[in-house]
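Okay, query.pdb is below, PDB, C-alpha atoms:
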```
ATOM      1  CA  MET A 806      49.518-144.061-137.791  1.00  0.00           C
ATOM      2  CA  SER A 807      48.791-140.357-137.793  1.00  0.00           C
ATOM      3  CA  TRP A 808      47.897-138.748-141.096  1.00  0.00           C
ATOM      4  CA  ILE A 809      50.964-136.562-140.569  1.00  0.00           C
ATOM      5  CA  ASP A 810      53.914-138.935-140.504  1.00  0.00           C
ATOM      6  CA  ASN A 811      56.510-137.873-137.949  1.00  0.00           C
ATOM      7  CA  SER A 812      57.750-141.403-137.312  1.00  0.00           C
ATOM      8  CA  PRO A 813      61.381-141.993-136.301  1.00  0.00           C
ATOM      9  CA  VAL A 814      61.905-143.898-139.561  1.00  0.00           C
ATOM     10  CA  SER A 815      61.136-140.784-141.607  1.00  0.00           C
ATOM     11  CA  VAL A 816      63.462-138.690-139.455  1.00  0.00           C
ATOM     12  CA  TRP A 817      66.138-141.369-139.808  1.00  0.00           C
ATOM     13  CA  GLU A 818      65.718-141.492-143.585  1.00  0.00           C
ATOM     14  CA  ARG A 819      65.956-137.695-143.803  1.00  0.00           C
ATOM     15  CA  ASP A 820      69.064-137.663-141.618  1.00  0.00           C
ATOM     16  CA  GLN A 821      70.665-140.370-143.777  1.00  0.00           C
ATOM     17  CA  ALA A 822      69.994-138.405-146.969  1.00  0.00           C
ATOM     18  CA  THR A 823      71.421-135.245-145.376  1.00  0.00           C
ATOM     19  CA  ALA A 824      74.505-137.141-144.195  1.00  0.00           C
ATOM     20  CA  ALA A 825      75.034-138.598-147.686  1.00  0.00           C
ATOM     21  CA  ALA A 826      74.832-135.136-149.212  1.00  0.00           C
ATOM     22  CA  GLU A 827      77.271-133.714-146.680  1.00  0.00           C
ATOM     23  CA  ALA A 828      79.658-136.628-147.284  1.00  0.00           C
ATOM     24  CA  GLY A 829      79.994-135.605-150.920  1.00  0.00           C
ATOM     25  CA  ALA A 830      77.560-138.069-152.480  1.00  0.00           C
ATOM     26  CA  PRO A 831      76.658-136.761-155.941  1.00  0.00           C
ATOM     27  CA  ILE A 832      73.461-134.728-156.187  1.00  0.00           C
ATOM     28  CA  ALA A 833      72.063-133.566-159.531  1.00  0.00           C
ATOM     29  CA  PRO A 834      71.984-129.793-160.077  1.00  0.00           C
ATOM     30  CA  PRO A 835      68.455-128.430-159.422  1.00  0.00           C
ATOM     31  CA  GLU A 836      68.312-126.602-162.790  1.00  0.00           C
ATOM     32  CA  MET A 837      69.091-129.794-164.718  1.00  0.00           C
ATOM     33  CA  PHE A 838      66.604-131.753-162.602  1.00  0.00           C
ATOM     34  CA  ARG A 839      63.837-129.213-163.375  1.00  0.00           C
ATOM     35  CA  GLU A 840      64.663-129.425-167.095  1.00  0.00           C
ATOM     36  CA  ALA A 841      64.533-133.229-167.023  1.00  0.00           C
ATOM     37  CA  MET A 842      61.183-133.149-165.187  1.00  0.00           C
ATOM     38  CA  SER A 843      59.758-130.725-167.780  1.00  0.00           C
ATOM     39  CA  ARG A 844      60.309-133.435-170.382  1.00  0.00           C
ATOM     40  CA  LEU A 845      58.108-135.936-168.556  1.00  0.00           C
ATOM     41  CA  GLY A 846      54.633-135.395-169.951  1.00  0.00           C
ATOM     42  CA  ALA A 847      51.876-135.609-167.349  1.00  0.00           C
ATOM     43  CA  ALA A 848      48.126-135.156-167.145  1.00  0.00           C
ATOM     44  CA  VAL A 849      46.992-131.818-165.721  1.00  0.00           C
ATOM     45  CA  HIS A 850      44.764-131.943-162.651  1.00  0.00           C
ATOM     46  CA  ILE A 851      43.041-129.439-160.418  1.00  0.00           C
ATOM     47  CA  ILE A 852      43.324-130.572-156.823  1.00  0.00           C
ATOM     48  CA  THR A 853      40.527-129.168-154.668  1.00  0.00           C
ATOM     49  CA  THR A 854      39.705-129.210-150.973  1.00  0.00           C
ATOM     50  CA  SER A 855      36.887-127.949-148.786  1.00  0.00           C
ATOM     51  CA  GLY A 856      36.223-128.085-145.075  1.00  0.00           C
ATOM     52  CA  PRO A 857      36.840-126.192-141.823  1.00  0.00           C
ATOM     53  CA  ALA A 858      39.758-124.228-143.338  1.00  0.00           C
ATOM     54  CA  GLY A 859      37.747-123.166-146.387  1.00  0.00           C
ATOM     55  CA  ARG A 860      37.712-123.977-150.057  1.00  0.00           C
ATOM     56  CA  ALA A 861      40.872-123.978-152.160  1.00  0.00           C
ATOM     57  CA  GLY A 862      42.438-125.575-155.200  1.00  0.00           C
ATOM     58  CA  PHE A 863      45.599-125.724-157.243  1.00  0.00           C
ATOM     59  CA  THR A 864      46.842-127.081-160.573  1.00  0.00           C
ATOM     60  CA  ALA A 865      49.135-130.103-160.355  1.00  0.00           C
ATOM     61  CA  THR A 866      50.834-132.741-162.445  1.00  0.00           C
ATOM     62  CA  ALA A 867      52.428-134.464-159.431  1.00  0.00           C
ATOM     63  CA  VAL A 868      49.656-137.036-158.944  1.00  0.00           C
ATOM     64  CA  ALA A 869      50.030-140.817-158.962  1.00  0.00           C
ATOM     65  CA  SER A 870      48.174-144.018-158.279  1.00  0.00           C
ATOM     66  CA  VAL A 871      49.496-145.832-155.199  1.00  0.00           C
ATOM     67  CA  SER A 872      47.247-148.889-154.817  1.00  0.00           C
ATOM     68  CA  ASP A 873      43.891-150.302-155.882  1.00  0.00           C
ATOM     69  CA  SER A 874      43.301-152.121-152.594  1.00  0.00           C
ATOM     70  CA  PRO A 875      42.263-149.857-151.031  1.00  0.00           C
ATOM     71  CA  PRO A 876      42.124-147.365-153.905  1.00  0.00           C
ATOM     72  CA  THR A 877      44.784-144.789-153.002  1.00  0.00           C
ATOM     73  CA  VAL A 878      46.435-141.883-154.821  1.00  0.00           C
ATOM     74  CA  LEU A 879      49.080-139.345-153.905  1.00  0.00           C
ATOM     75  CA  VAL A 880      49.308-135.618-154.563  1.00  0.00           C
ATOM     76  CA  CYS A 881      52.334-133.365-154.014  1.00  0.00           C
ATOM     77  CA  LEU A 882      52.067-129.745-152.850  1.00  0.00           C
ATOM     78  CA  ASN A 883      54.844-127.240-152.164  1.00  0.00           C
ATOM     79  CA  ARG A 884      54.837-126.327-148.472  1.00  0.00           C
ATOM     80  CA  LYS A 885      55.253-122.622-149.398  1.00  0.00           C
ATOM     81  CA  SER A 886      51.871-122.639-151.146  1.00  0.00           C
ATOM     82  CA  GLN A 887      49.065-120.614-149.575  1.00  0.00           C
ATOM     83  CA  ILE A 888      46.933-123.750-149.951  1.00  0.00           C
ATOM     84  CA  THR A 889      49.143-125.925-147.715  1.00  0.00           C
ATOM     85  CA  PRO A 890      47.491-124.977-144.382  1.00  0.00           C
ATOM     86  CA  VAL A 891      44.042-125.432-145.951  1.00  0.00           C
ATOM     87  CA  MET A 892      44.889-128.955-147.208  1.00  0.00           C
ATOM     88  CA  ARG A 893      46.412-129.901-143.855  1.00  0.00           C
ATOM     89  CA  GLU A 894      43.348-128.840-141.886  1.00  0.00           C
ATOM     90  CA  ASN A 895      40.630-130.074-144.259  1.00  0.00           C
ATOM     91  CA  LYS A 896      42.159-133.555-144.690  1.00  0.00           C
ATOM     92  CA  VAL A 897      40.207-134.176-147.927  1.00  0.00           C
ATOM     93  CA  PHE A 898      40.930-133.528-151.582  1.00  0.00           C
ATOM     94  CA  CYS A 899      39.600-134.260-155.048  1.00  0.00           C
ATOM     95  CA  VAL A 900      41.791-134.969-158.066  1.00  0.00           C
ATOM     96  CA  ASN A 901      40.023-133.461-161.099  1.00  0.00           C
ATOM     97  CA  THR A 902      41.719-134.608-164.332  1.00  0.00           C
ATOM     98  CA  LEU A 903      41.282-131.906-166.949  1.00  0.00           C
ATOM     99  CA  ALA A 904      39.950-132.240-170.474  1.00  0.00           C
ATOM    100  CA  SER A 905      41.965-130.598-173.247  1.00  0.00           C
ATOM    101  CA  SER A 906      39.418-127.757-173.374  1.00  0.00           C
ATOM    102  CA  GLU A 907      40.279-126.624-169.813  1.00  0.00           C
ATOM    103  CA  GLU A 908      43.585-124.795-170.402  1.00  0.00           C
ATOM    104  CA  GLU A 909      42.185-121.500-169.081  1.00  0.00           C
ATOM    105  CA  LEU A 910      40.910-123.160-165.897  1.00  0.00           C
ATOM    106  CA  ALA A 911      44.317-124.812-165.405  1.00  0.00           C
ATOM    107  CA  ASN A 912      45.913-121.344-165.546  1.00  0.00           C
ATOM    108  CA  VAL A 913      43.401-119.923-163.056  1.00  0.00           C
ATOM    109  CA  PHE A 914      44.156-122.650-160.510  1.00  0.00           C
ATOM    110  CA  ALA A 915      47.895-122.375-161.226  1.00  0.00           C
ATOM    111  CA  GLY A 916      47.738-118.768-159.994  1.00  0.00           C
ATOM    112  CA  ARG A 917      48.653-117.286-163.374  1.00  0.00           C
ATOM    113  CA  THR A 918      45.593-115.017-163.631  1.00  0.00           C
ATOM    114  CA  GLY A 919      45.531-113.149-160.323  1.00  0.00           C
ATOM    115  CA  VAL A 920      42.485-115.071-159.073  1.00  0.00           C
ATOM    116  CA  PHE A 921      43.104-116.583-155.639  1.00  0.00           C
ATOM    117  CA  MET A 922      41.735-119.168-153.219  1.00  0.00           C
ATOM    118  CA  ALA A 923      37.926-119.549-153.155  1.00  0.00           C
ATOM    119  CA  GLU A 924      37.468-117.006-155.994  1.00  0.00           C
ATOM    120  CA  ARG A 925      38.894-119.609-158.386  1.00  0.00           C
ATOM    121  CA  PHE A 926      35.670-121.606-158.073  1.00  0.00           C
ATOM    122  CA  MET A 927      33.740-118.829-159.825  1.00  0.00           C
ATOM    123  CA  ARG A 928      35.044-120.463-163.009  1.00  0.00           C
ATOM    124  CA  GLY A 929      33.775-123.904-164.043  1.00  0.00           C
ATOM    125  CA  ASP A 930      30.815-125.927-162.777  1.00  0.00           C
ATOM    126  CA  TRP A 931      31.371-127.606-159.414  1.00  0.00           C
ATOM    127  CA  ILE A 932      29.502-130.195-157.357  1.00  0.00           C
ATOM    128  CA  ALA A 933      30.425-132.200-154.249  1.00  0.00           C
ATOM    129  CA  MET A 934      30.488-135.929-153.670  1.00  0.00           C
ATOM    130  CA  GLU A 935      31.391-137.949-150.585  1.00  0.00           C
ATOM    131  CA  THR A 936      34.013-135.737-148.867  1.00  0.00           C
ATOM    132  CA  GLY A 937      32.653-132.326-149.831  1.00  0.00           C
ATOM    133  CA  ALA A 938      35.761-131.426-151.877  1.00  0.00           C
ATOM    134  CA  PRO A 939      34.775-129.597-155.085  1.00  0.00           C
ATOM    135  CA  VAL A 940      34.339-131.825-158.149  1.00  0.00           C
ATOM    136  CA  LEU A 941      34.599-130.283-161.627  1.00  0.00           C
ATOM    137  CA  THR A 942      31.547-131.569-163.510  1.00  0.00           C
ATOM    138  CA  ASN A 943      33.380-131.984-166.816  1.00  0.00           C
ATOM    139  CA  ALA A 944      36.591-133.481-165.404  1.00  0.00           C
ATOM    140  CA  ILE A 945      37.597-136.578-167.357  1.00  0.00           C
ATOM    141  CA  ALA A 946      37.931-138.322-164.003  1.00  0.00           C
ATOM    142  CA  ALA A 947      37.372-137.071-160.461  1.00  0.00           C
ATOM    143  CA  LEU A 948      38.767-138.957-157.471  1.00  0.00           C
ATOM    144  CA  ASP A 949      37.234-137.804-154.186  1.00  0.00           C
ATOM    145  CA  CYS A 950      39.684-138.648-151.377  1.00  0.00           C
ATOM    146  CA  ARG A 951      40.182-138.630-147.616  1.00  0.00           C
ATOM    147  CA  VAL A 952      43.757-137.992-146.495  1.00  0.00           C
ATOM    148  CA  THR A 953      45.141-141.069-144.751  1.00  0.00           C
ATOM    149  CA  GLU A 954      48.735-139.949-144.442  1.00  0.00           C
ATOM    150  CA  MET A 955      50.978-136.996-145.166  1.00  0.00           C
ATOM    151  CA  LYS A 956      54.762-137.019-145.512  1.00  0.00           C
ATOM    152  CA  SER A 957      57.064-134.040-145.800  1.00  0.00           C
ATOM    153  CA  VAL A 958      59.882-134.585-148.287  1.00  0.00           C
ATOM    154  CA  ALA A 959      62.314-131.843-149.279  1.00  0.00           C
ATOM    155  CA  THR A 960      60.192-128.785-150.250  1.00  0.00           C
ATOM    156  CA  HIS A 961      56.871-130.620-150.631  1.00  0.00           C
ATOM    157  CA  ASP A 962      54.158-132.386-148.667  1.00  0.00           C
ATOM    158  CA  ILE A 963      52.917-135.654-150.131  1.00  0.00           C
ATOM    159  CA  TYR A 964      49.254-136.333-149.366  1.00  0.00           C
ATOM    160  CA  PHE A 965      48.054-139.933-149.600  1.00  0.00           C
ATOM    161  CA  GLY A 966      44.305-140.163-150.146  1.00  0.00           C
ATOM    162  CA  GLU A 967      41.988-143.122-149.970  1.00  0.00           C
ATOM    163  CA  VAL A 968      39.461-142.762-152.781  1.00  0.00           C
ATOM    164  CA  ALA A 969      35.932-142.492-151.359  1.00  0.00           C
ATOM    165  CA  ALA A 970      34.099-141.814-154.635  1.00  0.00           C
ATOM    166  CA  ILE A 971      34.813-141.651-158.367  1.00  0.00           C
ATOM    167  CA  ARG A 972      33.088-139.692-161.125  1.00  0.00           C
ATOM    168  CA  LEU A 973      33.868-140.321-164.788  1.00  0.00           C
ATOM    169  CA  ALA A 974      32.816-137.998-167.634  1.00  0.00           C
ATOM    170  CA  ASN A 975      32.709-138.719-171.331  1.00  0.00           C
ATOM    171  CA  ALA A 976      36.122-139.685-172.609  1.00  0.00           C
ATOM    172  CA  GLU A 977      37.652-136.640-174.254  1.00  0.00           C
ATOM    173  CA  LYS A 978      41.188-135.610-175.078  1.00  0.00           C
ATOM    174  CA  ALA A 979      43.196-134.920-171.931  1.00  0.00           C
ATOM    175  CA  LEU A 980      45.183-131.800-171.097  1.00  0.00           C
ATOM    176  CA  VAL A 981      48.851-132.720-170.676  1.00  0.00           C
ATOM    177  CA  TYR A 982      51.818-130.605-169.596  1.00  0.00           C
ATOM    178  CA  HIS A 983      55.068-131.327-171.421  1.00  0.00           C
ATOM    179  CA  ALA A 984      58.177-129.232-172.136  1.00  0.00           C
ATOM    180  CA  ARG A 985      56.644-126.315-170.206  1.00  0.00           C
ATOM    181  CA  ALA A 986      53.568-126.174-172.470  1.00  0.00           C
ATOM    182  CA  TYR A 987      50.036-127.561-172.537  1.00  0.00           C
ATOM    183  CA  LYS A 988      49.350-130.289-175.070  1.00  0.00           C
ATOM    184  CA  HIS A 989      46.210-132.187-176.013  1.00  0.00           C
ATOM    185  CA  VAL A 990      46.324-135.969-176.046  1.00  0.00           C
TER     186      VAL A 990
END
```

What's the structure tokens form of this structure?
Amino acid sequence: MSWIDNSPVSVWERDQATAAAEAGAPIAPPEMFREAMSRLGAAVHIITTSGPAGRAGFTATAVASVSDSPPTVLVCLNRKSQITPVMRENKVFCVNTLASSEEELANVFAGRTGVFMAERFMRGDWIAMETGAPVLTNAIAALDCRVTEMKSVATHDIYFGEVAAIRLANAEKALVYHARAYKHV
């Protein structure tokens, strides 16, 4: 299967969802959905990539474990992001789980400071592991991944990555995003 999933099943599933919506099936209002999602606390990560399309990174909470055999995670990225074409071409990423002391770095990679693309890496200490994607040296956990599949769903691309290497730092409080604010757990 291609890393970009354009299979007929996905098209069929999308068409079925569209048909259900058009038929009057209930759909939650987007504003209420966003409010509900803000109440789900989640670890804060910086997702990085490096390769032929350059070096880039973004802050995300939409990260999840998929399987341990083989070790696989998923990351979601809005298709309107300037980083989307870079992720698609590089086909690698690293999930860097942030320590509670990294609020400022989270804001830099979230685009809240006016620092963009490769300039973001001027902050923090970075190394590379197996794939070449930037690894934050003091990340609580870093999962270095090769993209095995990508699915487009609604406004986002979902990247599935097989974990090629793992780096663990000293256990420290994690940075969590909950109710539209950073918290330390």

Residues within 12 Å of His983 in chain A, please, as a PyMOL selection string. Count all atoms listed in the file; anything in the same chain fewer than 5 positions from it doesn't count.
chain A and resi 840-849+866+988-990

As a VMD selection string, please: the residues near Val920 in chain A (cut-off 12 Å, only C-alpha atoms, same-chain neighbours under 3 positions excluded).
chain A and resid 861 to 863 909 to 917 923 to 928

Using the file's own x, y and z axes, what box holds all listed atoms of range 869-872 of chain A with 3 Å on each side, keeping edges along x, y and z, and what are its centre and edge lengths in Å to one decimal, as lines of an AutoDock Vina configuration file?
```
center_x = 48.6
center_y = -144.9
center_z = -156.9
size_x = 8.8
size_y = 14.1
size_z = 10.1
```

Proximity to Ala984 in chain A - best of A:Arg839, A:His961, A:Thr902, A:Asp873, only C-alpha atoms
A:Arg839

Please, which residues in range 819-899 of chain A fall within 8 Å of range 931-954 of chain A when counting all atoms listed in the file, and what is the closest atom pair and distance in Å to one decimal for each, ordered by chain then residue number, as a tab-separated table?
```
residue	atom	partner	partner_atom	distance
A:Thr853	CA	A:Pro939	CA	5.8
A:Thr854	CA	A:Ala938	CA	4.6
A:Ser855	CA	A:Ala938	CA	4.8
A:Gly856	CA	A:Gly937	CA	7.3
A:Arg860	CA	A:Ala938	CA	7.9
A:Lys896	CA	A:Val952	CA	5.0
A:Val897	CA	A:Arg951	CA	4.5
A:Phe898	CA	A:Cys950	CA	5.3
A:Cys899	CA	A:Asp949	CA	4.3
```

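Distance check against Gly966 in chain A using only C-alpha atoms: of A:Asn895, A:Thr877, A:Thr889, A:Thr864, the minimum falls on A:Thr877.
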
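For the pair CA of Asn883 in chain A and CA of Phe965 in chain A, the separation is 14.6 Å.
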
Which polymer residues have any atom within 9 Å of an atom of range 884-887 of chain A, counting all atoms listed in the file, with same-chain residues fewer than 5 positions away left out, as a PyMOL selection string?
chain A and resi 922+957+960-962

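Here CA of Leu980 in chain A stands at a distance of 24.8 Å from CA of Met837 in chain A.
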
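In this comparison, which uses only C-alpha atoms, the residue of A:Ala986, A:Ala976, A:Val968, A:Met955 approaching Ser872 in chain A most closely is A:Val968.
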